[in-house]
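Structure data (compact mmCIF, C-alpha atoms and all ligand atoms) from run.txt:
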# COMPACT_ATOMS: atom_id res chain seq x y z
CA MET A 170 0.00 0.00 0.00
CA SER A 171 1.25 3.45 -0.85
CA THR A 172 2.59 5.53 2.02
CA GLU A 173 2.16 8.75 0.09
CA GLY A 174 0.64 11.66 1.99
CA ASP A 175 0.91 10.06 5.44
CA HIS A 176 0.66 13.46 7.04
CA GLU A 177 -2.42 14.55 5.19
CA GLU A 178 -4.66 13.86 8.15
CA GLU A 179 -2.40 15.58 10.69
CA SER A 180 -3.33 18.90 12.24
CA LYS A 181 -3.54 21.66 9.68
CA ALA A 182 -2.75 24.34 12.27
CA VAL A 183 0.18 26.03 10.55
CA GLY A 184 2.26 28.42 12.60
CA PRO A 185 4.45 31.24 11.28
CA LEU A 186 8.02 30.83 10.11
CA THR A 187 10.02 30.62 13.36
CA ALA A 188 13.15 32.25 11.94
CA ALA A 189 14.55 33.26 15.36
CA LEU A 190 14.51 29.61 16.46
CA HIS A 191 16.20 28.49 13.23
CA ARG A 192 18.96 31.06 13.79
CA GLU A 193 19.45 29.74 17.29
CA HIS A 194 19.50 26.13 16.03
CA ILE A 195 22.30 26.99 13.60
CA LYS A 196 24.29 29.01 16.18
CA GLN A 197 24.02 26.19 18.70
CA LEU A 198 25.16 23.71 16.09
CA TYR A 199 28.25 25.81 15.40
CA GLU A 200 29.06 26.66 19.01
CA LYS A 201 28.41 23.20 20.50
CA LYS A 202 30.99 21.58 18.28
CA GLU A 203 30.57 18.26 20.08
CA SER A 204 26.83 17.83 19.31
CA PHE A 205 25.37 14.69 17.73
CA GLU A 206 24.37 16.63 14.61
CA MET A 207 27.92 17.97 14.24
CA TYR A 208 29.29 14.46 14.72
CA MET A 209 27.01 13.26 11.92
CA LEU A 210 28.31 16.07 9.70
CA GLU A 211 32.03 15.36 10.23
CA HIS A 212 32.48 13.59 6.89
CA ARG A 213 30.79 16.40 4.96
CA LYS A 214 31.34 19.33 7.26
CA ILE A 215 32.15 21.85 4.54
CA SER A 216 28.73 21.31 2.94
CA GLY A 217 27.17 21.64 6.41
CA VAL A 218 28.88 25.01 6.79
CA TYR A 219 27.55 26.09 3.38
CA TRP A 220 23.98 25.02 4.28
CA ALA A 221 24.27 26.88 7.61
CA LEU A 222 25.61 30.10 6.08
CA ALA A 223 23.21 30.03 3.14
CA SER A 224 20.32 29.57 5.60
CA LEU A 225 21.47 32.49 7.72
CA GLN A 226 21.90 34.65 4.64
CA ILE A 227 18.36 33.86 3.43
CA MET A 228 17.15 35.01 6.87
CA ASP A 229 19.41 38.09 6.60
CA CYS A 230 21.56 37.26 9.60
CA LEU A 231 24.86 36.09 8.16
CA ASP A 232 26.74 37.88 10.96
CA ASP A 233 25.45 35.34 13.51
CA LEU A 234 28.56 33.23 12.84
CA PRO A 235 32.21 34.42 12.92
CA LYS A 236 33.27 35.12 9.32
CA GLU A 237 37.05 35.19 9.73
CA GLU A 238 37.16 31.99 11.80
CA ILE A 239 35.08 30.21 9.16
CA VAL A 240 37.12 31.46 6.18
CA GLU A 241 40.34 30.39 7.93
CA TRP A 242 38.84 26.95 8.59
CA VAL A 243 37.81 26.60 4.92
CA PHE A 244 41.46 27.00 3.91
CA LYS A 245 42.43 24.22 6.35
CA THR A 246 40.51 21.85 4.06
CA TYR A 247 42.45 23.04 0.98
CA ASP A 248 44.89 20.69 -0.75
CA LYS A 249 47.61 22.86 -2.31
CA ASP A 250 48.90 20.03 -4.51
CA SER A 251 45.65 19.35 -6.36
CA GLY A 252 43.84 22.68 -5.95
CA GLY A 253 40.74 20.97 -4.49
CA PHE A 254 39.09 21.21 -1.07
CA GLY A 255 38.17 18.33 1.23
CA ALA A 256 35.00 17.78 3.23
CA ASN A 257 36.90 18.46 6.46
CA GLU A 258 40.45 18.98 7.65
CA GLN A 259 42.78 16.14 6.60
CA LEU A 260 40.30 14.65 4.12
CA ASP A 261 41.10 14.08 0.45
CA PRO A 262 39.99 16.75 -2.05
CA GLN A 263 36.59 16.19 -3.57
CA LEU A 264 34.62 18.03 -6.21
CA LEU A 265 31.43 18.76 -4.24
CA SER A 266 33.50 19.88 -1.23
CA THR A 267 35.36 22.22 -3.55
CA LEU A 268 32.01 23.61 -4.69
CA SER A 269 30.95 24.18 -1.06
CA ALA A 270 34.25 25.95 -0.31
CA VAL A 271 33.82 28.23 -3.32
CA GLN A 272 30.18 28.90 -2.40
CA ILE A 273 31.17 29.82 1.17
CA LEU A 274 33.78 32.26 -0.14
CA ALA A 275 31.20 33.71 -2.56
CA ILE A 276 28.71 34.17 0.30
CA TYR A 277 31.39 36.10 2.20
CA ASN A 278 32.51 38.00 -0.92
CA GLU A 279 36.02 36.60 -0.40
CA LEU A 280 36.63 34.87 -3.73
CA ASP A 281 39.81 36.94 -4.10
CA ARG A 282 41.45 34.75 -1.47
CA LEU A 283 41.29 31.74 -3.80
CA ASP A 284 44.13 30.62 -6.03
CA ILE A 285 41.66 30.48 -8.91
CA GLU A 286 44.17 28.97 -11.39
CA LYS A 287 44.77 26.03 -9.08
CA VAL A 288 41.08 25.41 -8.39
CA VAL A 289 40.31 25.56 -12.12
CA GLU A 290 43.16 23.11 -12.75
CA TYR A 291 41.62 20.72 -10.18
CA ILE A 292 38.16 20.87 -11.78
CA LYS A 293 39.60 20.41 -15.27
CA SER A 294 41.42 17.32 -14.05
CA MET A 295 38.08 15.81 -13.01
CA GLN A 296 36.55 15.96 -16.53
CA ASN A 297 36.53 12.64 -18.40
CA GLU A 298 36.83 11.96 -22.11
CA ASP A 299 33.03 11.51 -22.52
CA GLY A 300 32.37 14.93 -20.95
CA SER A 301 31.28 13.56 -17.54
CA PHE A 302 33.01 14.54 -14.27
CA SER A 303 34.43 12.35 -11.53
CA GLY A 304 33.85 13.34 -7.91
CA ASP A 305 37.38 12.60 -6.71
CA GLN A 306 40.60 10.82 -7.52
CA TRP A 307 38.82 7.43 -7.30
CA GLY A 308 36.74 8.23 -10.35
CA GLU A 309 33.04 7.77 -9.48
CA VAL A 310 30.91 9.51 -12.13
CA ASP A 311 27.54 11.14 -11.38
CA THR A 312 25.56 14.08 -12.78
CA ARG A 313 25.95 15.69 -9.33
CA PHE A 314 29.59 16.20 -10.27
CA SER A 315 28.73 17.69 -13.68
CA TYR A 316 26.63 20.33 -11.95
CA GLY A 317 29.19 20.82 -9.17
CA ALA A 318 32.01 21.37 -11.66
CA LEU A 319 30.06 23.76 -13.90
CA LEU A 320 28.67 25.79 -10.99
CA CYS A 321 32.08 26.07 -9.36
CA LEU A 322 33.60 27.33 -12.61
CA LYS A 323 30.68 29.68 -13.24
CA ILE A 324 31.15 31.27 -9.79
CA MET A 325 34.84 31.82 -10.64
CA ASN A 326 33.88 33.07 -14.11
CA ARG A 327 35.91 30.31 -15.78
CA LEU A 328 33.28 28.11 -17.45
CA GLU A 329 35.20 28.12 -20.74
CA ASP A 330 38.13 26.27 -19.14
CA VAL A 331 36.41 22.87 -19.51
CA ASP A 332 34.77 21.29 -22.55
CA VAL A 333 31.24 22.63 -21.95
CA ASP A 334 29.79 21.08 -25.14
CA LYS A 335 30.92 17.63 -24.10
CA ALA A 336 29.76 18.21 -20.52
CA ILE A 337 26.26 19.07 -21.76
CA ASP A 338 26.18 16.19 -24.23
CA TYR A 339 26.91 13.85 -21.32
CA VAL A 340 24.15 15.39 -19.17
CA LEU A 341 21.70 14.95 -22.08
CA ARG A 342 22.70 11.27 -22.34
CA CYS A 343 21.37 10.88 -18.77
CA ARG A 344 17.86 11.97 -19.83
CA ASN A 345 15.06 9.39 -19.74
CA PHE A 346 11.84 8.75 -21.71
CA ASP A 347 9.80 10.42 -18.90
CA GLY A 348 11.67 13.71 -19.35
CA GLY A 349 13.69 13.30 -16.13
CA PHE A 350 17.39 12.62 -15.51
CA GLY A 351 19.37 10.07 -13.53
CA CYS A 352 22.90 9.92 -12.10
CA ILE A 353 24.38 8.13 -15.14
CA PRO A 354 22.97 7.16 -18.57
CA GLY A 355 20.10 4.69 -18.12
CA ALA A 356 19.61 5.38 -14.39
CA GLU A 357 16.14 6.12 -13.00
CA SER A 358 14.88 9.70 -12.98
CA HIS A 359 15.28 11.26 -9.53
CA ALA A 360 14.47 14.82 -8.46
CA GLY A 361 17.94 15.39 -6.97
CA GLN A 362 19.66 14.43 -10.19
CA ILE A 363 17.12 16.43 -12.18
CA PHE A 364 18.09 19.51 -10.18
CA CYS A 365 21.73 18.88 -11.08
CA CYS A 366 21.04 18.33 -14.78
CA VAL A 367 18.63 21.23 -15.13
CA GLY A 368 21.14 23.38 -13.20
CA ALA A 369 23.94 22.33 -15.58
CA LEU A 370 21.75 23.16 -18.59
CA ALA A 371 20.62 26.47 -17.11
CA LEU A 372 24.16 27.56 -16.20
CA THR A 373 25.25 26.92 -19.79
CA LYS A 374 22.09 28.36 -21.38
CA SER A 375 21.20 24.98 -22.90
CA LEU A 376 17.64 24.50 -21.61
CA ASP A 377 16.33 24.75 -25.18
CA ARG A 378 17.76 21.26 -25.75
CA ILE A 379 15.12 19.50 -23.62
CA ASP A 380 11.34 19.03 -23.56
CA VAL A 381 10.59 21.54 -20.81
CA ASP A 382 6.85 20.71 -20.69
CA LEU A 383 7.41 16.98 -20.29
CA LEU A 384 9.91 17.52 -17.47
CA GLY A 385 7.69 20.19 -15.88
CA TRP A 386 4.84 17.65 -15.84
CA TRP A 387 7.04 14.95 -14.21
CA LEU A 388 8.18 17.41 -11.56
CA SER A 389 4.67 18.69 -10.81
CA GLU A 390 3.58 15.06 -10.27
CA ARG A 391 5.94 14.97 -7.29
CA GLN A 392 3.54 17.01 -5.14
CA LEU A 393 1.55 14.72 -2.81
CA PRO A 394 -1.80 15.33 -1.11
CA CYS A 395 0.05 16.47 2.05
CA GLY A 396 1.56 19.34 0.01
CA GLY A 397 5.15 18.06 0.22
CA PHE A 398 7.13 16.55 -2.69
CA ASN A 399 8.71 13.15 -3.15
CA GLY A 400 11.84 12.57 -5.23
CA ARG A 401 10.36 9.94 -7.56
CA PRO A 402 7.08 8.02 -7.94
CA ASP A 403 5.80 5.92 -5.00
CA LYS A 404 8.22 7.44 -2.51
CA LYS A 405 7.58 9.49 0.61
CA GLU A 406 7.57 13.26 0.84
CA ASP A 407 10.66 15.00 2.25
CA VAL A 408 11.34 18.70 2.75
CA CYS A 409 14.58 18.53 0.77
CA TYR A 410 12.57 17.74 -2.39
CA SER A 411 10.80 21.06 -1.91
CA TRP A 412 14.12 22.48 -3.06
CA TRP A 413 15.24 19.90 -5.63
CA VAL A 414 11.83 19.97 -7.36
CA LEU A 415 10.86 23.60 -6.99
CA SER A 416 14.23 25.03 -7.98
CA SER A 417 14.17 22.82 -11.10
CA MET A 418 10.68 24.09 -11.90
CA ALA A 419 11.82 27.67 -11.31
CA MET A 420 14.67 27.18 -13.81
CA LEU A 421 12.15 25.76 -16.30
CA GLY A 422 9.72 28.63 -15.68
CA LYS A 423 7.06 26.20 -14.36
CA ILE A 424 6.84 27.19 -10.70
CA ASP A 425 3.14 27.96 -11.11
CA TRP A 426 2.37 24.33 -11.90
CA ILE A 427 2.36 23.39 -8.20
CA ASP A 428 0.18 24.35 -5.23
CA ARG A 429 2.41 26.87 -3.44
CA GLU A 430 0.09 27.27 -0.50
CA LYS A 431 0.11 23.57 0.29
CA LEU A 432 3.86 23.30 -0.12
CA THR A 433 4.37 26.30 2.18
CA GLU A 434 2.10 24.71 4.79
CA PHE A 435 3.99 21.43 4.57
CA ILE A 436 7.37 23.11 5.07
CA LEU A 437 6.10 25.15 8.02
CA GLN A 438 4.71 21.96 9.59
CA CYS A 439 8.21 20.46 9.42
CA GLN A 440 9.62 23.17 11.72
CA SER A 441 10.80 21.81 15.06
CA PRO A 442 9.51 23.61 18.18
CA ASP A 443 13.21 23.87 19.19
CA GLY A 444 14.29 25.40 15.87
CA GLY A 445 15.45 23.88 12.61
CA ILE A 446 13.45 22.12 9.91
CA ALA A 447 13.08 18.33 9.62
CA ASP A 448 12.40 16.04 6.64
CA ARG A 449 8.79 15.49 7.80
CA PRO A 450 6.56 16.84 10.57
CA GLY A 451 7.64 15.61 14.01
CA ASP A 452 11.07 14.35 12.92
CA ILE A 453 14.41 15.60 14.23
CA PRO A 454 15.60 18.76 12.41
CA ASP A 455 19.01 19.25 10.81
CA VAL A 456 20.84 21.95 8.90
CA PHE A 457 20.42 20.18 5.51
CA HIS A 458 16.61 20.21 5.71
CA THR A 459 16.65 23.68 7.30
CA PHE A 460 18.47 25.09 4.28
CA PHE A 461 16.35 23.31 1.68
CA GLY A 462 13.11 24.25 3.46
CA LEU A 463 14.12 27.90 3.67
CA GLY A 464 15.39 27.81 0.09
CA ALA A 465 12.03 26.59 -1.19
CA LEU A 466 10.14 29.20 0.85
CA SER A 467 12.43 31.84 -0.62
CA LEU A 468 11.70 30.63 -4.17
CA MET A 469 7.99 31.11 -3.35
CA ASP A 470 8.63 34.73 -2.27
CA PHE A 471 7.90 34.04 1.40
CA PRO A 472 7.86 37.35 3.31
CA ASP A 473 11.05 38.62 5.00
CA LEU A 474 13.31 36.08 3.31
CA LYS A 475 15.96 37.05 0.79
CA ARG A 476 15.44 35.71 -2.73
CA ILE A 477 17.55 32.74 -3.74
CA ASP A 478 18.76 32.01 -7.26
CA PRO A 479 17.76 28.44 -8.21
CA LYS A 480 20.75 27.63 -10.40
CA TYR A 481 23.42 28.94 -8.03
CA ALA A 482 21.67 28.01 -4.73
CA LEU A 483 22.93 31.36 -3.45
CA VAL A 484 20.96 34.52 -2.67
CA THR A 485 20.51 36.81 -5.63
CA GLU A 486 22.67 39.59 -4.22
CA VAL A 487 25.66 37.20 -4.16
CA VAL A 488 24.88 36.14 -7.74
CA GLU A 489 24.75 39.79 -8.83
CA LEU A 490 28.31 40.27 -7.53
CA ILE A 491 29.48 37.11 -9.32
CA GLU A 492 27.89 38.14 -12.60
CA MET A 493 29.10 41.75 -12.45
C1 LIG A 501 24.62 23.46 -4.28
C2 LIG A 501 22.26 22.83 -3.74
C3 LIG A 501 23.61 22.42 -4.17
C4 LIG A 501 23.85 21.11 -4.47
C5 LIG A 501 25.15 20.56 -4.91
C6 LIG A 501 25.16 17.56 -3.86
C7 LIG A 501 24.40 18.16 -5.00
C8 LIG A 501 24.98 19.32 -5.75
C9 LIG A 501 23.23 17.65 -5.38
C10 LIG A 501 22.57 16.46 -4.74
C11 LIG A 501 21.33 16.12 -5.51
C12 LIG A 501 20.68 14.89 -4.97
C13 LIG A 501 21.04 13.59 -5.58
C14 LIG A 501 19.76 15.01 -3.99
C15 LIG A 501 18.99 13.92 -3.42
C16 LIG A 501 19.40 13.64 -2.01
C17 LIG A 501 18.55 12.57 -1.39
C18 LIG A 501 17.52 12.95 -0.43
C19 LIG A 501 18.74 11.29 -1.74
C20 LIG A 501 17.94 10.21 -1.17
O1 LIG A 501 17.74 9.28 -2.18
P1 LIG A 501 16.88 7.99 -1.82
O2 LIG A 501 16.81 7.11 -2.99
O3 LIG A 501 15.54 8.68 -1.42
O4 LIG A 501 17.43 7.38 -0.55
P2 LIG A 501 14.06 8.48 -1.92
O5 LIG A 501 13.39 9.73 -1.43
O6 LIG A 501 14.07 8.35 -3.40
O7 LIG A 501 13.58 7.29 -1.21
Would you mind writing the file out in structure tokens?
Amino acid sequence: MSTEGDHEEESKAVGPLTAALHREHIKQLYEKKESFEMYMLEHRKISGVYWALASLQIMDCLDDLPKEEIVEWVFKTYDKDSGGFGANEQLDPQLLSTLSAVQILAIYNELDRLDIEKVVEYIKSMQNEDGSFSGDQWGEVDTRFSYGALLCLKIMNRLEDVDVDKAIDYVLRCRNFDGGFGCIPGAESHAGQIFCCVGALALTKSLDRIDVDLLGWWLSERQLPCGGFNGRPDKKEDVCYSWWVLSSMAMLGKIDWIDREKLTEFILQCQSPDGGIADRPGDIPDVFHTFFGLGALSLMDFPDLKRIDPKYALVTEVVELIEM
């Protein structure tokens, strides 16, 4: 039996956005460095820092965390030999960690501190003959890495340093009959991978190469009776898909094909009374779901939140500086 929309019958009493509690949740996470959530983030800490800072910036309170301390820590994850950044101190360089490092520096308007030539060299070294990208020295290929590489280069204004045509041809090879995209050619369509592929196409102005209506339809089918989205058919709703689905629809110009009010209600119901946003109502919150919940609310023009750009996953004022 389908488990879709389990929360449909739960209380519909929807409170306001408890931004002050979310700020406190993030500050506590940073200050109590020994917490369970921080322990769980150890192997991908740099992305956790990006989600935390991006969340604070959406709520217009970036100064809640110490900028200089964070920027110094980011450079402790840098590998001078390769030009890539690791997920934490003493970890091997990795493409998505490099993206998070570059995003953090963009958020703080500190891109000048990067050795851009070295970082570009690292990303170039990750492109394969067929246009795909590997995530690290061990070679796993995934459309997450295509997006990560292209976005990282775009932020540094160096997109032309890789073979963009080949990169896009590879992304298009990962497209399925239903209009969606998977992690490699032939893999099942999944909203997370669709975000990456649509992001890669949007960053390179190649969206005219896909059937936008077909994909828009597949994405709009992800909204369940509870208002939340799942990531593929017959799966449960999760706040993070609010971002992966809605940002893809925003890039396709199809954001009006979903019920915004119901999605907003669902996200607000996922707020923890102690701050932070969880995957589903009543679950334990974390910084990943907090960012993606806030990001989706921002895409829907929720009051008092800064606007986020769907292809960069950064607030628009940061993107304006990058594109200047
Ligand atoms: C800068 C926003 C940003 C992203 C960087 C890391 C990345 C690029 C993209 C990740 C995209 C992705 C694959 C997201 C999905 C994450 C997720 C919740 C996976 C769970 O997959 P399953 O199969 O879950 O366990 P379902 O919901 O299908 O059961």
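Among A:Gly252, A:Pro262, A:Gly351, A:Gly317, the residue with the shortest atom-to-atom distance to Ala369 of chain A, counting all atoms listed in the file, is A:Gly317.
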**Item:** Residue nearest ligand LIG 501 (chain A) among A:Phe435, A:Trp413, A:Phe302, A:Tyr208 (counting only C-alpha atoms and all ligand atoms)
**Value:** A:Trp413
**Message:** Env of segment 471-488 of chain A: 9 Å cut, atoms = all atoms listed in the file, seq-sep filter 6 positions within chain, self excluded. Answer as a VMD selection string.
**Reply:** chain A and resid 223 226 to 229 272 275 to 278 320 323 to 324 364 to 365 367 to 369 371 to 372 412 415 to 417 419 to 420 433 463 to 465
**Request:** Write out as a list in words each polymer residue (protein, DNA or RNA) that has an atom no more than 6 Å from ligand LIG 501 (chain A), with only C-alpha atoms and all ligand atoms counted.
**Result:** Arg313, Gly317, Gly361, Gln362, Gly400, Arg401, Lys404 and Ala482 of chain A
**Request:** With a distance cut-off of 12 Å and only C-alpha atoms, select the neighbouring residues of Tyr199 of chain A, excluding the residue or stretch itself and same-chain residues fewer than 2 positions from it, and output the selection as an NGL selection string.
**Result:** :A and (192-197 or 201-208 or 210 or 214 or 217-218 or 220-222 or 233-235 or 238-239 or 456)
**Prompt:** For the atom pair atom CA of His212 of chain A and atom CA of Phe244 of chain A, what is the interatomic distance in Å to one decimal place?
**Reply:** 16.4 Å
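Restricting the calculation to all atoms listed in the file, the smallest distance between Leu319 of chain A and any of A:Ser301, A:Asn257, A:Thr459, A:Gln306 is found for A:Ser301.
Here atom CA of Ser216 of chain A is placed at a distance of 6.5 Å from atom CA of Ser266 of chain A.
With all atoms listed in the file as the atoms that count, the minimum distance from Ser389 of chain A to the choices A:Gln259, A:Ser375, A:Gln438, A:Ser411 is reached by A:Ser411.
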**Message:** I'd like the neighbourhood of Lys335 of chain A as a list in words, where a residue qualifies if any of its atoms comes within 8 Å (using all atoms listed in the file), though same-chain residues fewer than 3 positions away should be ignored.
**Reply:** Asp299, Gly300, Ser301, Asp332, Asp338 and Tyr339 of chain A
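Distance-wise, atom CA of Gln392 of chain A and atom CA of Phe460 of chain A end up 19.4 Å apart.
Closest approach to Cys343 of chain A among A:Ser224, A:Ser358, A:Ser294, A:Gln263 is made by A:Ser358 (distances from only C-alpha atoms).
Minimum distance to Ile491 of chain A across A:Met469, A:Cys321, A:Leu421, A:Leu190 (counting all atoms listed in the file) occurs at A:Cys321.
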**Message:** Can you pull out the residues contacting Val408 of chain A? Cut-off 7 Å, using all atoms listed in the file, and skip same-chain residues under 2 positions away; I want them as a ChimeraX atom specification.
**Reply:** /A:397,406,410-411,436,448-449,458,461-462
**Message:** Taking 2 positions as the minimum chain separation for residues in the same chain, which residues sit within 12 Å of Glu390 of chain A when counting only C-alpha atoms? Answer as a PyMOL selection string.
**Reply:** chain A and resi 347+349+360+383-388+392-394+396-404+406+414-415+418+426-428
